[in-house]
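Raw work_23.cif, mmCIF, C-alpha atoms and all ligand atoms:
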```cif
data_upload
loop_
_atom_site.label_atom_id
_atom_site.label_comp_id
_atom_site.auth_asym_id
_atom_site.auth_seq_id
_atom_site.Cartn_x
_atom_site.Cartn_y
_atom_site.Cartn_z
CA MET X 185 41.26 18.49 282.08
CA ARG X 186 41.11 20.94 279.22
CA ILE X 187 44.14 23.20 279.13
CA VAL X 188 44.71 26.08 276.74
CA ILE X 189 48.30 27.24 276.48
CA THR X 190 49.22 30.59 274.95
CA GLY X 191 52.23 32.82 274.45
CA VAL X 192 53.58 35.28 271.90
CA PRO X 193 55.50 33.77 268.95
CA GLY X 194 59.01 32.78 270.00
CA VAL X 195 58.26 32.47 273.73
CA GLY X 196 58.85 28.71 273.56
CA LYS X 197 55.31 27.67 274.38
CA SER X 198 55.30 24.62 272.11
CA THR X 199 58.53 23.34 273.66
CA VAL X 200 57.29 23.83 277.23
CA MET X 201 53.96 22.24 276.40
CA GLU X 202 55.38 19.20 274.62
CA GLY X 203 57.45 18.26 277.69
CA PHE X 204 54.42 18.60 279.96
CA ALA X 205 51.91 16.85 277.68
CA ARG X 206 54.24 13.88 277.15
CA ALA X 207 54.71 13.42 280.91
CA GLN X 208 50.94 13.67 281.52
CA GLY X 209 49.88 11.57 278.53
CA LEU X 210 47.76 14.48 277.28
CA GLU X 211 46.86 14.89 273.62
CA ILE X 212 48.25 18.10 272.11
CA VAL X 213 46.01 19.96 269.70
CA ASN X 214 47.61 22.76 267.71
CA PHE X 215 44.96 25.38 266.99
CA GLY X 216 47.05 27.02 264.24
CA THR X 217 47.40 23.66 262.45
CA LEU X 218 43.62 23.08 262.52
CA MET X 219 43.11 26.59 261.15
CA PHE X 220 45.77 26.06 258.51
CA GLU X 221 44.05 22.89 257.31
CA ALA X 222 40.75 24.78 257.03
CA ALA X 223 42.45 27.70 255.27
CA LYS X 224 44.23 25.43 252.78
CA ALA X 225 40.96 23.64 252.00
CA GLN X 226 39.54 27.06 251.13
CA HIS X 227 42.67 27.90 249.06
CA VAL X 228 43.28 31.18 250.89
CA VAL X 229 46.89 30.55 252.06
CA THR X 230 49.90 28.37 251.27
CA ASP X 231 51.90 29.02 254.49
CA ARG X 232 50.63 29.09 258.09
CA ASP X 233 52.33 32.43 258.71
CA GLN X 234 50.11 34.03 256.03
CA MET X 235 46.93 33.43 258.04
CA ARG X 236 47.31 36.42 260.37
CA SER X 237 47.32 38.74 257.34
CA LEU X 238 44.01 37.41 256.00
CA ASP X 239 40.93 39.57 256.27
CA PRO X 240 39.90 39.34 259.96
CA ALA X 241 36.46 38.06 258.97
CA MET X 242 38.10 35.12 257.16
CA GLN X 243 40.38 34.53 260.18
CA ARG X 244 37.31 34.37 262.41
CA THR X 245 35.59 31.94 260.03
CA ILE X 246 38.46 29.44 260.07
CA GLN X 247 39.04 30.10 263.79
CA LYS X 248 35.45 29.06 264.48
CA GLN X 249 35.94 25.84 262.50
CA ALA X 250 39.06 25.02 264.53
CA GLY X 251 37.25 25.73 267.80
CA GLN X 252 34.40 23.42 266.89
CA ALA X 253 36.82 20.60 265.99
CA ILE X 254 38.45 20.92 269.42
CA GLY X 255 35.12 21.05 271.24
CA ALA X 256 34.50 17.44 270.21
CA LYS X 257 37.54 16.19 272.16
CA ALA X 258 37.70 15.10 275.82
CA SER X 259 40.90 16.02 277.71
CA CYS X 260 43.55 17.81 275.69
CA ILE X 261 46.04 20.63 275.73
CA VAL X 262 45.44 23.29 273.10
CA ASP X 263 48.45 25.19 271.73
CA THR X 264 47.24 28.61 270.60
CA HIS X 265 47.47 32.40 271.04
CA ALA X 266 45.69 34.74 273.46
CA THR X 267 45.81 37.31 270.66
CA VAL X 268 47.14 37.29 267.12
CA ARG X 269 48.90 40.41 265.88
CA THR X 270 47.31 41.34 262.54
CA PRO X 271 47.79 44.39 260.30
CA ARG X 272 44.47 45.65 261.70
CA GLY X 273 45.46 45.21 265.33
CA TYR X 274 45.18 42.39 267.86
CA LEU X 275 42.68 39.66 267.00
CA ALA X 276 41.29 37.77 270.01
CA GLY X 277 42.45 34.15 269.87
CA LEU X 278 39.67 33.01 272.19
CA PRO X 279 36.56 35.08 271.51
CA ALA X 280 33.38 33.99 273.27
CA TRP X 281 32.31 31.48 270.63
CA VAL X 282 35.71 29.77 270.73
CA LEU X 283 35.71 29.64 274.55
CA ASP X 284 32.18 28.24 274.49
CA ALA X 285 33.33 25.49 272.09
CA ILE X 286 36.59 24.63 273.89
CA LYS X 287 35.35 25.06 277.51
CA PRO X 288 38.85 25.37 279.04
CA ASP X 289 39.51 24.63 282.70
CA VAL X 290 42.86 26.41 282.72
CA LEU X 291 44.38 29.11 280.55
CA VAL X 292 48.19 29.15 280.65
CA LEU X 293 50.17 32.23 279.61
CA VAL X 294 53.82 31.43 278.85
CA GLU X 295 55.91 34.59 279.15
CA ALA X 296 59.56 35.57 278.85
CA PRO X 297 61.54 38.82 278.90
CA ALA X 298 60.69 40.69 275.68
CA GLU X 299 64.37 41.25 274.81
CA GLN X 300 65.00 37.47 274.89
CA ILE X 301 61.94 36.76 272.70
CA HIS X 302 63.22 39.36 270.25
CA HIS X 303 66.56 37.52 269.99
CA ARG X 304 64.86 34.11 269.66
CA ARG X 305 62.73 35.33 266.75
CA THR X 306 65.74 36.74 264.93
CA ALA X 307 67.51 33.40 265.35
CA ASP X 308 64.61 31.21 264.07
CA PRO X 309 65.00 30.52 260.31
CA THR X 310 62.12 28.00 260.21
CA ARG X 311 59.30 30.53 260.56
CA ALA X 312 58.28 33.83 258.98
CA ARG X 313 58.21 35.51 262.41
CA ASP X 314 57.16 39.16 262.64
CA GLN X 315 60.16 41.37 263.28
CA GLN X 316 59.06 43.47 266.20
CA SER X 317 61.02 45.54 268.68
CA ALA X 318 61.34 44.35 272.28
CA ALA X 319 59.02 47.21 273.29
CA GLU X 320 56.33 45.98 270.88
CA ILE X 321 56.70 42.40 272.13
CA ASP X 322 56.37 43.70 275.69
CA GLN X 323 53.18 45.53 274.75
CA HIS X 324 51.80 42.35 273.13
CA GLN X 325 52.51 40.31 276.29
CA GLN X 326 50.79 42.97 278.42
CA PHE X 327 47.77 42.96 276.13
CA ASN X 328 47.61 39.16 276.40
CA ARG X 329 47.45 39.42 280.21
CA ALA X 330 44.63 41.92 279.93
CA ILE X 331 42.59 39.79 277.56
CA ALA X 332 43.23 36.68 279.68
CA ALA X 333 41.21 38.39 282.44
CA ALA X 334 38.31 38.73 280.03
CA TYR X 335 38.63 35.05 279.06
CA ALA X 336 38.58 34.08 282.76
CA MET X 337 35.44 36.13 283.29
CA HIS X 338 33.67 34.57 280.34
CA SER X 339 34.66 30.96 280.85
CA GLY X 340 35.40 30.57 284.55
CA ALA X 341 38.83 29.13 283.65
CA THR X 342 41.76 29.84 285.95
CA VAL X 343 44.71 31.79 284.52
CA LEU X 344 48.21 30.53 285.18
CA THR X 345 51.33 32.48 284.17
CA ILE X 346 54.55 30.56 283.52
CA THR X 347 57.92 32.14 282.81
CA ASN X 348 60.26 30.60 280.26
CA PRO X 349 63.43 32.73 280.26
CA ASP X 350 66.61 31.69 278.43
CA GLY X 351 67.94 28.52 280.04
CA GLY X 352 64.76 28.20 282.13
CA LEU X 353 62.92 25.41 280.31
CA GLU X 354 63.20 22.94 283.19
CA GLN X 355 61.87 25.54 285.66
CA ALA X 356 59.01 26.39 283.31
CA LEU X 357 58.09 22.70 283.14
CA GLN X 358 58.31 22.48 286.93
CA GLN X 359 55.93 25.43 287.29
CA LEU X 360 53.41 23.65 285.05
CA ARG X 361 53.79 20.32 286.86
CA ASN X 362 53.38 21.98 290.26
CA ALA X 363 50.18 23.68 289.21
CA LEU X 364 48.57 21.11 286.92
CA GLY X 365 50.44 17.80 287.27
P1 LIG X 401 51.37 29.01 265.62
O1 LIG X 401 51.99 27.91 264.84
O2 LIG X 401 50.93 28.60 266.99
O3 LIG X 401 52.22 30.25 265.66
O4 LIG X 401 50.02 29.40 264.85
C1 LIG X 401 50.07 29.72 263.47
C2 LIG X 401 49.01 30.72 263.11
O5 LIG X 401 47.72 30.19 263.42
C3 LIG X 401 49.07 32.05 263.86
O6 LIG X 401 50.02 32.94 263.34
C4 LIG X 401 47.64 32.55 263.65
O7 LIG X 401 47.51 33.10 262.37
C5 LIG X 401 46.84 31.26 263.71
N1 LIG X 401 46.21 31.01 265.02
C6 LIG X 401 46.61 30.14 265.97
N2 LIG X 401 45.75 30.14 267.00
C7 LIG X 401 44.79 31.07 266.71
C8 LIG X 401 43.60 31.52 267.36
N3 LIG X 401 43.20 31.04 268.54
N4 LIG X 401 42.85 32.47 266.74
C9 LIG X 401 43.21 32.97 265.55
N5 LIG X 401 44.31 32.58 264.87
C10 LIG X 401 45.09 31.63 265.45
MG MG X 402 54.32 27.00 268.25
#
```
Would you mind writing the file out in structure tokens?
Amino acid sequence: MRIVITGVPGVGKSTVMEGFARAQGLEIVNFGTLMFEAAKAQHVVTDRDQMRSLDPAMQRTIQKQAGQAIGAKASCIVDTHATVRTPRGYLAGLPAWVLDAIKPDVLVLVEAPAEQIHHRRTADPTRARDQQSAAEIDQHQQFNRAIAAAYAMHSGATVLTITNPDGGLEQALQQLRNALG
């Protein structure tokens, strides 16, 4: 099965996914890491958090390269974003040419209350997270739901929403296992 897992930065998607992938013996592919390798090879960034500020055309170029690399794999779980917040607005994480390369069976949206995500980002010193208000984070999560419908239409993938509130990691994992395990 090909699973794509998404969520706004700080929602805890990587943590939820690692627990699930380990239990299922699924290979995890981090889309941002594949893009970062492509971007570094082209000498356009030195930090992965700089990529979303690149010219959108450059982001799409390296995004396409990452999508093609994933298309060559059999079963896997892809850690990525439904949309990326750029200075020019939301960039689709899974435009048609990426969906056509990845061919997902399931698209997972990991969500949490915006206020909690806001606090998690403030508390994370390891990443250059965008400082957004809870209202902006809420708007981003709503936009991701909207675009997920478009992705479902284009690809035929099912869309599964998982909630990962504070202290709710085990329940989030259980939701994934119930649906996909
Ligand atoms: P992450 O470590 O998952 O936050 O990803 C790091 C960066 O990779 C993001 O901030 C984006 O710039 C980029 N990225 C990840 N997935 C995608 C995607 N599907 N489309 C465009 N950019 C992406
Ligand atoms: Mg992550």
Any idea what's packed within 9 Å of X:Asp322, counting only C-alpha atoms, ignoring anything in its chain fewer than 4 positions away? Could you give it as a list in words? Pro297, Ala298, Glu299, Ser317, Ala318, Gln326 and Phe327 of chain X
Please compute the atom CA of X:Tyr274-atom CA of X:Ala225 distance, one decimal, in Å. 24.9 Å
Which stretch 216-281 of chain X residues have any atom within 12 Å of an atom of stretch 200-204 of chain X, and for each, what is the nearest pair of atoms with distance in Å to one decimal, counting only C-alpha atoms, rows sorted by chain and number, as a Markdown table?
```
| residue | atom | partner | partner_atom | distance |
| --- | --- | --- | --- | --- |
| X:Cys260 | CA | X:Met201 | CA | 11.3 |
| X:Ile261 | CA | X:Met201 | CA | 8.1 |
| X:Val262 | CA | X:Met201 | CA | 9.2 |
| X:Asp263 | CA | X:Met201 | CA | 7.8 |
| X:Thr264 | CA | X:Met201 | CA | 10.9 |
```
Would you mind telling me which residue in X:Ile346, X:Pro271, X:Val213, X:Phe220 lies nearest to X:Ala256 when using all atoms listed in the file?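 Using all atoms listed in the file, X:Ala256 sits closest to X:Val213.
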Taking 6 positions as the minimum chain separation for residues in the same chain, which residues sit within 12 Å of X:Leu283 when counting all atoms listed in the file? Answer as a PDB file with C-alpha atoms, keeping the file's coordinate frame.
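Final output, around_14.pdb:
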```
ATOM      1  CA  ARG X 186      41.110  20.940 279.220  1.00  0.00           C
ATOM      2  CA  ILE X 187      44.140  23.200 279.130  1.00  0.00           C
ATOM      3  CA  VAL X 188      44.710  26.080 276.740  1.00  0.00           C
ATOM      4  CA  GLN X 247      39.040  30.100 263.790  1.00  0.00           C
ATOM      5  CA  LYS X 248      35.450  29.060 264.480  1.00  0.00           C
ATOM      6  CA  ALA X 250      39.060  25.020 264.530  1.00  0.00           C
ATOM      7  CA  GLY X 251      37.250  25.730 267.800  1.00  0.00           C
ATOM      8  CA  GLN X 252      34.400  23.420 266.890  1.00  0.00           C
ATOM      9  CA  ILE X 254      38.450  20.920 269.420  1.00  0.00           C
ATOM     10  CA  GLY X 255      35.120  21.050 271.240  1.00  0.00           C
ATOM     11  CA  VAL X 262      45.440  23.290 273.100  1.00  0.00           C
ATOM     12  CA  ALA X 266      45.690  34.740 273.460  1.00  0.00           C
ATOM     13  CA  ALA X 276      41.290  37.770 270.010  1.00  0.00           C
ATOM     14  CA  GLY X 277      42.450  34.150 269.870  1.00  0.00           C
ATOM     15  CA  ASP X 289      39.510  24.630 282.700  1.00  0.00           C
ATOM     16  CA  VAL X 290      42.860  26.410 282.720  1.00  0.00           C
ATOM     17  CA  LEU X 291      44.380  29.110 280.550  1.00  0.00           C
ATOM     18  CA  ALA X 332      43.230  36.680 279.680  1.00  0.00           C
ATOM     19  CA  ALA X 334      38.310  38.730 280.030  1.00  0.00           C
ATOM     20  CA  TYR X 335      38.630  35.050 279.060  1.00  0.00           C
ATOM     21  CA  ALA X 336      38.580  34.080 282.760  1.00  0.00           C
ATOM     22  CA  MET X 337      35.440  36.130 283.290  1.00  0.00           C
ATOM     23  CA  HIS X 338      33.670  34.570 280.340  1.00  0.00           C
ATOM     24  CA  SER X 339      34.660  30.960 280.850  1.00  0.00           C
ATOM     25  CA  GLY X 340      35.400  30.570 284.550  1.00  0.00           C
ATOM     26  CA  ALA X 341      38.830  29.130 283.650  1.00  0.00           C
TER      27      ALA X 341
END
```
What residues of the protein or nucleic acid chains come within 6 Å of ligand LIG 401 (chain X) when you use only C-alpha atoms and all ligand atoms? Reply as JSON, numbers by chain. {"X": [193, 215, 216, 232, 233, 235, 236, 247, 264, 265, 268, 277, 278]}
Within 6 Å of file point (48.1, 34.1, 278.3), counting all atoms listed in the file, expressed as a count of residues only: 8
Given all atoms listed in the file as the basis, pick out the residue of X:Thr217, X:Thr347, X:Thr270, X:Gln249 nearest to ligand MG 402 (chain X).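 The shortest atom-to-atom distance to ligand MG 402 (chain X) comes from X:Thr217.
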Can you work out which one of X:Thr199, X:Ala258, X:Thr267, X:Ala319 has the shortest atom-to-atom distance to X:Ile331, counting all atoms listed in the file?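 Answer, going by the shortest atom-to-atom distance: X:Thr267.
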d(atom CA of X:Leu353, atom CA of X:Ile189) in Å: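 Answer for the atom CA of X:Leu353 to atom CA of X:Ile189 separation: 15.2 Å.
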Applying 7 Å and all atoms listed in the file, which residues near X:Ile246 remain after dropping the ones on its own chain fewer than 6 positions away? List them as a list in words.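 Near neighbours after the sequence-gap exclusion: Met219, Ala222 and Ala223 of chain X.
Atom CA of X:Val195 lies 6.1 Å from atom CA of X:Ala296.
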From the list X:Lys224, X:Lys197, X:Arg305, X:His324, the nearest residue to ligand MG 402 (chain X) using all atoms listed in the file is X:Lys197
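Across X:Val294, X:Ala241, X:Val282, X:Val228, the tightest approach to ligand MG 402 (chain X) is made by X:Val294 when counting only C-alpha atoms and all ligand atoms.
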Distance criterion (all atoms listed in the file): nearest to ligand MG 402 (chain X) out of X:Glu221, X:Ser237, X:Arg313, X:Arg244: X:Arg313
